[in-house]
Amino acid sequence: MTTDNVKPNGQDGQPTVEATREFTIQKIFIKDISFETPNSPGIFTQKWEPTVNLELGTSARLLADGVHEVVLALTVTAKLGDKTAYLIEAHQAGIFTVRGFPEHELAPMLGSFCPNILFPFAREAIAELVSKGGFPQLILAPVNFDALFAQHLQRVHEQG
């Protein structure tokens, strides 16, 4: 996606074009994934009423001028009582071109917008692992990355 903003009055009275904004998805991929069932096969004989915990994290790094890798890290733990039924650690990644945006817009794009794009891919990979591991279907609920990013900014602000 590319947009150009034309301003009618440049310094010399001629129309000017602001910096071109560009956002593209270059690649989406699984960077790392693991699935463990430490208490199988015994766990399959128990009544299936698990407690499922989801932990999320994101990171971003600059690869080249305007090209960023964003990684969404998810850890899913399902327990029956004090026994772990399964543990999944997944790093869903993407390479994004993000150019021409003001600095104050870049952080939310990398910390919220890109993870929103990555999450459905991670959710699908995790659901498939759970199913292939012999467990009932797991569908992770949607995540509000905008709210999570706002909470992160609030914590950073409070810490000074």
# chains A, B, ... in the order shown; residues from 1 in each chain; ligands from 1

$ residues_around --residues "Ser112 in chain A" --least-positions-apart "2" --cutoff "12 Å" --atoms "only C-alpha atoms" --output "VMD selection string"
chain A and resid 57 to 60 70 to 72 105 to 110 114 to 119 143 to 153

$ select_by_dssp --residues "range 14-121 of chain A" --states "strand (DSSP E or B)" --output "JSON, numbers by chain"
{"A": [16, 17, 21, 22, 23, 24, 25, 26, 27, 28, 29, 30, 31, 32, 33, 34, 35, 36, 51, 52, 53, 54, 55, 56, 57, 58, 59, 60, 61, 62, 63, 64, 67, 68, 69, 70, 71, 72, 73, 74, 75, 76, 77, 78, 79, 80, 83, 84, 85, 86, 87, 88, 89, 90, 91, 92, 93, 94, 95, 96, 97, 98, 99]}

$ select_by_dssp --residues "range 47-149 of chain A" --states "alpha helix (DSSP H)" --output "PyMOL selection string"
chain A and resi 103-108+114-132+145-149

$ write_last_selection --atoms "N, CA and C atoms" --output "compact mmCIF listing (two decimals), in the first residue's frame"
# COMPACT_ATOMS: atom_id res chain seq x y z
N GLU A 103 7.80 9.29 13.26
CA GLU A 103 8.31 8.44 14.34
C GLU A 103 7.21 8.06 15.34
N HIS A 104 6.31 8.99 15.65
CA HIS A 104 5.26 8.69 16.63
C HIS A 104 4.25 7.67 16.11
N GLU A 105 4.22 7.39 14.82
CA GLU A 105 3.32 6.38 14.26
C GLU A 105 4.02 5.04 14.07
N LEU A 106 5.34 5.04 14.03
CA LEU A 106 6.08 3.81 13.78
C LEU A 106 5.94 2.80 14.92
N ALA A 107 6.10 3.24 16.15
CA ALA A 107 6.01 2.32 17.30
C ALA A 107 4.65 1.62 17.37
N PRO A 108 3.52 2.33 17.23
CA PRO A 108 2.24 1.62 17.24
C PRO A 108 2.08 0.65 16.06
N CYS A 114 1.18 -4.61 13.29
CA CYS A 114 1.81 -5.82 12.76
C CYS A 114 1.45 -7.07 13.57
N PRO A 115 1.48 -7.03 14.91
CA PRO A 115 1.03 -8.20 15.67
C PRO A 115 -0.42 -8.60 15.37
N ASN A 116 -1.28 -7.61 15.09
CA ASN A 116 -2.65 -7.92 14.69
C ASN A 116 -2.68 -8.73 13.40
N ILE A 117 -1.76 -8.45 12.50
CA ILE A 117 -1.67 -9.20 11.25
C ILE A 117 -1.14 -10.61 11.52
N LEU A 118 -0.17 -10.73 12.42
CA LEU A 118 0.47 -12.02 12.68
C LEU A 118 -0.39 -12.98 13.49
N PHE A 119 -1.23 -12.46 14.38
CA PHE A 119 -1.96 -13.30 15.31
C PHE A 119 -2.81 -14.40 14.65
N PRO A 120 -3.58 -14.12 13.62
CA PRO A 120 -4.37 -15.21 13.02
C PRO A 120 -3.51 -16.37 12.50
N PHE A 121 -2.32 -16.07 12.00
CA PHE A 121 -1.42 -17.13 11.54
C PHE A 121 -0.94 -17.97 12.72
N ALA A 122 -0.60 -17.32 13.82
CA ALA A 122 -0.16 -18.05 15.02
C ALA A 122 -1.31 -18.87 15.59
N ARG A 123 -2.50 -18.29 15.62
CA ARG A 123 -3.66 -18.99 16.15
C ARG A 123 -3.93 -20.27 15.35
N GLU A 124 -3.81 -20.18 14.04
CA GLU A 124 -4.03 -21.35 13.18
C GLU A 124 -2.97 -22.42 13.44
N ALA A 125 -1.70 -22.02 13.54
CA ALA A 125 -0.62 -22.99 13.78
C ALA A 125 -0.80 -23.68 15.12
N ILE A 126 -1.19 -22.93 16.14
CA ILE A 126 -1.38 -23.50 17.48
C ILE A 126 -2.58 -24.47 17.48
N ALA A 127 -3.67 -24.07 16.84
CA ALA A 127 -4.84 -24.95 16.77
C ALA A 127 -4.50 -26.27 16.09
N GLU A 128 -3.70 -26.21 15.05
CA GLU A 128 -3.31 -27.43 14.34
C GLU A 128 -2.42 -28.32 15.21
N LEU A 129 -1.48 -27.71 15.94
CA LEU A 129 -0.62 -28.49 16.84
C LEU A 129 -1.43 -29.20 17.92
N VAL A 130 -2.36 -28.48 18.51
CA VAL A 130 -3.19 -29.07 19.58
C VAL A 130 -3.97 -30.26 19.03
N SER A 131 -4.57 -30.09 17.87
CA SER A 131 -5.35 -31.16 17.25
C SER A 131 -4.47 -32.36 16.92
N LYS A 132 -3.31 -32.12 16.32
CA LYS A 132 -2.41 -33.22 15.96
C LYS A 132 -1.81 -33.87 17.21
N PHE A 145 -4.53 -5.94 20.52
CA PHE A 145 -3.15 -5.48 20.59
C PHE A 145 -3.05 -3.97 20.79
N ASP A 146 -4.06 -3.22 20.36
CA ASP A 146 -4.06 -1.78 20.61
C ASP A 146 -4.08 -1.50 22.11
N ALA A 147 -4.93 -2.22 22.84
CA ALA A 147 -5.02 -2.04 24.29
C ALA A 147 -3.74 -2.51 24.97
N LEU A 148 -3.18 -3.63 24.52
CA LEU A 148 -1.93 -4.12 25.11
C LEU A 148 -0.79 -3.14 24.88
N PHE A 149 -0.74 -2.54 23.70
CA PHE A 149 0.30 -1.57 23.40
C PHE A 149 0.11 -0.31 24.26

$ closest_residue --among "A:Lys31, A:Glu22, A:Ile139, A:Pro38" --to "Leu54 in chain A" --atoms "only C-alpha atoms"
A:Ile139

$ atom_distance --atom1 "CA of Lys83 in chain A" --atom2 "CA of Asn53 in chain A"
13.3 Å

$ residues_around --residues "Leu63 in chain A" --least-positions-apart "2" --cutoff "12 Å" --atoms "only C-alpha atoms" --output "PyMOL selection string"
chain A and resi 60-61+65-70+94-98

$ write_last_selection --atoms "C-alpha atoms" --output "PDB file, in the first residue's frame"
ATOM      1  CA  ALA A  60      10.683  -5.718  16.463  1.00  0.00           C
ATOM      2  CA  ARG A  61      14.036  -5.086  14.903  1.00  0.00           C
ATOM      3  CA  ASP A  65      16.147   0.965   5.803  1.00  0.00           C
ATOM      4  CA  GLY A  66      12.392   0.841   6.453  1.00  0.00           C
ATOM      5  CA  VAL A  67      12.319  -2.969   6.648  1.00  0.00           C
ATOM      6  CA  HIS A  68      11.416  -4.493  10.018  1.00  0.00           C
ATOM      7  CA  GLU A  69      11.059  -7.974  11.435  1.00  0.00           C
ATOM      8  CA  VAL A  70       8.226  -8.234  13.952  1.00  0.00           C
ATOM      9  CA  GLY A  94       6.766 -11.194   9.641  1.00  0.00           C
ATOM     10  CA  ILE A  95       8.940  -8.932   7.562  1.00  0.00           C
ATOM     11  CA  PHE A  96       7.271  -5.590   6.923  1.00  0.00           C
ATOM     12  CA  THR A  97       8.257  -2.550   4.898  1.00  0.00           C
ATOM     13  CA  VAL A  98       7.247   0.548   6.836  1.00  0.00           C
TER      14      VAL A  98
END
